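See structure below.
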Amino acid sequence: MTRRIPIVSTIVVAIAVAAMIGLGAWQLFDRLPKKEAFLAQLAANPAKPAIAFPSGDDDRLLFRRVHGDCVRVRSQQLTGAGNSGYRLIAWCARSNGAGAAMPIQLGTTRDPKFVGEWQGGAVTGYLSHAPSSQSLIGSLFHHRAQRLMIVADTPPLGLAANGAPDLDTVPNNHLAYAVQWFLFAGIASVIYGLALVWRRPRR
């Protein structure tokens with residue numbers, strides 16, 4: 001006797017597979033072109049005229065040439081910089097006295113106990129992202145714009161120079177995400193198909 005295909009479970013699996021295919025298509029045909037256009041804009045930013053340090057956190061300004069005036073250094077911190085060791089970031093009061101502190105990456109060092117003596121002043125450089133204290137899990141449930149900071153052209157005494165703008169630091173994983181969703185859909189279909197074959201009574 002041949003068993004009938006279970007209708008409810010088949011519908012559930014079909015909906016799940018369709019959702020996975022939809023997510024893959026969304027990554028491939030929507031998210032990927034938008035990210036590629038965004039990266040093209042960032043690649044052109046270093047050649048544009050310099051701007052004053054912005055009051056907002058607009059990612060479209062990444063790698064733009066920028067200038068700012070550090071009236072007073074509020075605090076300094078060392079954070080990891082990969083192969084360069086550590087980067088020293090100063091949090092500065094702005095010339096107009098308004099808004100949050102302006103972060104400036106002054107330079108890099110391999111000394112984990114380095115204490116900077118920079119007292120502020122005019123700074124030129126390019127815009128990058130400031131270090132974020134938000135955890136990976138926290139970012140999944142509450143997304144917030146990452147703060148912009150100045151990466152200084154000229155390091156103070158005792159620090160090595162910062163690296164040049166690097167487009168590779170901006171992730172573009174949408175093609176990989178699309179492939180993953182399509183693979184999930186294919187695997188789910190194969191597993192369910194094998195399950196249907198296995199449940200048939202043997203003669």
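Labeling convention for the structure tokens: chains A, B, ... as they appear, residues from 1 per chain, ligands from 1 in order of appearance.
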Subject >> Selection: 6 Å around segment 76-87 of chain A, only C-alpha atoms, excl. self and same-chain fewer than 5 positions, as a list in words >> reply: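 The residues that qualify are Gly107, Thr108, Thr109 and Arg110 of chain A.
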Output file for the residues above (N, CA and C atoms, as an mmCIF file, in the first residue's frame):
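After the write, part31.cif holds the following:
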data_model
loop_
_atom_site.group_PDB
_atom_site.id
_atom_site.type_symbol
_atom_site.label_atom_id
_atom_site.label_comp_id
_atom_site.auth_asym_id
_atom_site.auth_seq_id
_atom_site.Cartn_x
_atom_site.Cartn_y
_atom_site.Cartn_z
ATOM 1 N N GLY A 107 47.373 58.063 15.405
ATOM 2 C CA GLY A 107 48.420 57.246 14.818
ATOM 3 C C GLY A 107 48.431 55.884 15.476
ATOM 4 N N THR A 108 49.448 55.101 15.196
ATOM 5 C CA THR A 108 49.531 53.747 15.737
ATOM 6 C C THR A 108 50.826 53.549 16.523
ATOM 7 N N THR A 109 50.812 52.546 17.395
ATOM 8 C CA THR A 109 51.973 52.212 18.203
ATOM 9 C C THR A 109 51.942 50.723 18.538
ATOM 10 N N ARG A 110 53.101 50.168 18.840
ATOM 11 C CA ARG A 110 53.163 48.772 19.281
ATOM 12 C C ARG A 110 53.307 48.682 20.800
#
**OP:** Identify all residues of chain A in alpha helix (DSSP H) (DSSP on the backbone) and supply them as a ChimeraX atom specification.
**Re:** /A:7-26,32-44,136-141,174-199
**OP:** Extract, using only C-alpha atoms, all DNA, RNA and protein residues at most 10 Å from Gly163 of chain A, discarding same-chain residues fewer than 2 positions from it, and format them as a PyMOL selection string.
**Re:** chain A and resi 84+107-108+151-153+160-161+165-166
Subject >> Neighbour list for segment 168-184 of chain A as number ranges by chain, cut-off 12 Å, only C-alpha atoms, skip fewer than 4 positions in-chain >> reply: A: 13, 16-40, 42-43, 59-60, 62-63, 128-129, 163-164, 188-191
Original post:
What lies within 10 Å of Leu61 of chain A using only C-alpha atoms, ignoring chain neighbours under 6 positions off, as number ranges by chain?
Top reply: A: 41-42, 45-46, 51, 54, 126-128, 148
Name the residues of segment 69-113 of chain A that fall into strand (DSSP E or B) according to DSSP on the backbone, using the chain letters and numbers of this document, as a PDB file with N, CA and C atoms, in the first residue's frame.
ATOM      1  N   ASP A  69      38.988  70.965  14.192  1.00  0.00           N
ATOM      2  CA  ASP A  69      39.758  71.724  15.177  1.00  0.00           C
ATOM      3  C   ASP A  69      39.489  71.151  16.558  1.00  0.00           C
ATOM      4  N   CYS A  70      40.508  70.555  17.157  1.00  0.00           N
ATOM      5  CA  CYS A  70      40.388  70.001  18.506  1.00  0.00           C
ATOM      6  C   CYS A  70      40.760  71.080  19.519  1.00  0.00           C
ATOM      7  N   VAL A  71      39.755  71.658  20.151  1.00  0.00           N
ATOM      8  CA  VAL A  71      39.994  72.721  21.125  1.00  0.00           C
ATOM      9  C   VAL A  71      40.595  72.172  22.411  1.00  0.00           C
ATOM     10  N   ARG A  72      40.100  71.007  22.808  1.00  0.00           N
ATOM     11  CA  ARG A  72      40.582  70.397  24.060  1.00  0.00           C
ATOM     12  C   ARG A  72      40.428  68.888  23.972  1.00  0.00           C
ATOM     13  N   VAL A  73      41.461  68.172  24.387  1.00  0.00           N
ATOM     14  CA  VAL A  73      41.402  66.706  24.401  1.00  0.00           C
ATOM     15  C   VAL A  73      40.676  66.269  25.670  1.00  0.00           C
ATOM     16  N   ARG A  74      39.515  65.657  25.505  1.00  0.00           N
ATOM     17  CA  ARG A  74      38.747  65.192  26.656  1.00  0.00           C
ATOM     18  C   ARG A  74      39.313  63.892  27.218  1.00  0.00           C
ATOM     19  N   SER A  75      39.674  62.979  26.323  1.00  0.00           N
ATOM     20  CA  SER A  75      40.227  61.698  26.753  1.00  0.00           C
ATOM     21  C   SER A  75      40.947  61.056  25.581  1.00  0.00           C
ATOM     22  N   GLN A  76      41.749  60.029  25.894  1.00  0.00           N
ATOM     23  CA  GLN A  76      42.445  59.264  24.868  1.00  0.00           C
ATOM     24  C   GLN A  76      42.315  57.777  25.186  1.00  0.00           C
ATOM     25  N   GLN A  77      42.327  56.944  24.151  1.00  0.00           N
ATOM     26  CA  GLN A  77      42.224  55.507  24.364  1.00  0.00           C
ATOM     27  C   GLN A  77      43.035  54.760  23.314  1.00  0.00           C
ATOM     28  N   LEU A  78      43.592  53.630  23.723  1.00  0.00           N
ATOM     29  CA  LEU A  78      44.273  52.730  22.800  1.00  0.00           C
ATOM     30  C   LEU A  78      43.320  51.594  22.435  1.00  0.00           C
ATOM     31  N   THR A  79      43.203  51.317  21.157  1.00  0.00           N
ATOM     32  CA  THR A  79      42.391  50.194  20.700  1.00  0.00           C
ATOM     33  C   THR A  79      43.210  49.365  19.715  1.00  0.00           C
ATOM     34  N   GLY A  80      42.829  48.117  19.536  1.00  0.00           N
ATOM     35  CA  GLY A  80      43.554  47.226  18.644  1.00  0.00           C
ATOM     36  C   GLY A  80      43.577  47.732  17.216  1.00  0.00           C
ATOM     37  N   TYR A  86      48.458  48.959  18.014  1.00  0.00           N
ATOM     38  CA  TYR A  86      47.376  49.720  18.644  1.00  0.00           C
ATOM     39  C   TYR A  86      47.244  51.074  17.954  1.00  0.00           C
ATOM     40  N   ARG A  87      46.046  51.605  17.985  1.00  0.00           N
ATOM     41  CA  ARG A  87      45.834  52.964  17.481  1.00  0.00           C
ATOM     42  C   ARG A  87      45.395  53.844  18.631  1.00  0.00           C
ATOM     43  N   LEU A  88      45.916  55.052  18.641  1.00  0.00           N
ATOM     44  CA  LEU A  88      45.575  56.014  19.701  1.00  0.00           C
ATOM     45  C   LEU A  88      44.492  56.946  19.184  1.00  0.00           C
ATOM     46  N   ILE A  89      43.387  56.974  19.908  1.00  0.00           N
ATOM     47  CA  ILE A  89      42.253  57.810  19.517  1.00  0.00           C
ATOM     48  C   ILE A  89      42.006  58.860  20.589  1.00  0.00           C
ATOM     49  N   ALA A  90      41.945  60.095  20.150  1.00  0.00           N
ATOM     50  CA  ALA A  90      41.650  61.215  21.045  1.00  0.00           C
ATOM     51  C   ALA A  90      40.205  61.646  20.838  1.00  0.00           C
ATOM     52  N   TRP A  91      39.524  61.908  21.951  1.00  0.00           N
ATOM     53  CA  TRP A  91      38.154  62.417  21.900  1.00  0.00           C
ATOM     54  C   TRP A  91      38.204  63.888  22.266  1.00  0.00           C
ATOM     55  N   CYS A  92      37.816  64.739  21.313  1.00  0.00           N
ATOM     56  CA  CYS A  92      38.066  66.173  21.420  1.00  0.00           C
ATOM     57  C   CYS A  92      36.791  67.005  21.504  1.00  0.00           C
ATOM     58  N   ALA A  93      36.898  68.105  22.238  1.00  0.00           N
ATOM     59  CA  ALA A  93      35.860  69.128  22.199  1.00  0.00           C
ATOM     60  C   ALA A  93      36.037  69.931  20.919  1.00  0.00           C
ATOM     61  N   ARG A  94      34.924  70.255  20.256  1.00  0.00           N
ATOM     62  CA  ARG A  94      34.998  70.969  18.990  1.00  0.00           C
ATOM     63  C   ARG A  94      35.125  72.471  19.198  1.00  0.00           C
ATOM     64  N   MET A 102      34.540  64.863  19.228  1.00  0.00           N
ATOM     65  CA  MET A 102      35.022  64.516  17.895  1.00  0.00           C
ATOM     66  C   MET A 102      36.186  63.530  18.034  1.00  0.00           C
ATOM     67  N   PRO A 103      36.030  62.286  17.565  1.00  0.00           N
ATOM     68  CA  PRO A 103      37.117  61.313  17.675  1.00  0.00           C
ATOM     69  C   PRO A 103      38.147  61.498  16.568  1.00  0.00           C
ATOM     70  N   ILE A 104      39.416  61.385  16.953  1.00  0.00           N
ATOM     71  CA  ILE A 104      40.521  61.512  15.997  1.00  0.00           C
ATOM     72  C   ILE A 104      41.492  60.365  16.218  1.00  0.00           C
ATOM     73  N   GLN A 105      41.733  59.586  15.195  1.00  0.00           N
ATOM     74  CA  GLN A 105      42.762  58.555  15.270  1.00  0.00           C
ATOM     75  C   GLN A 105      44.089  59.220  14.949  1.00  0.00           C
ATOM     76  N   LEU A 106      44.927  59.374  15.982  1.00  0.00           N
ATOM     77  CA  LEU A 106      46.158  60.140  15.829  1.00  0.00           C
ATOM     78  C   LEU A 106      47.253  59.361  15.122  1.00  0.00           C
ATOM     79  N   GLY A 107      47.373  58.063  15.405  1.00  0.00           N
ATOM     80  CA  GLY A 107      48.420  57.246  14.818  1.00  0.00           C
ATOM     81  C   GLY A 107      48.431  55.884  15.476  1.00  0.00           C
ATOM     82  N   THR A 108      49.448  55.101  15.196  1.00  0.00           N
ATOM     83  CA  THR A 108      49.531  53.747  15.737  1.00  0.00           C
ATOM     84  C   THR A 108      50.826  53.549  16.523  1.00  0.00           C
ATOM     85  N   THR A 109      50.812  52.546  17.395  1.00  0.00           N
ATOM     86  CA  THR A 109      51.973  52.212  18.203  1.00  0.00           C
ATOM     87  C   THR A 109      51.942  50.723  18.538  1.00  0.00           C
TER      88      THR A 109
END
**OP:** For atom CA of Leu196 of chain A and atom CA of Ile15 of chain A, quote the distance in Å rounded to one decimal.
**Re:**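 Going from atom CA of Leu196 of chain A over to atom CA of Ile15 of chain A covers 16.9 Å.
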Original post:
Could you state the separation of atom CA of Ile5 of chain A and atom CA of Arg199 of chain A in Å, given to one decimal place?
Top reply: 9.6 Å
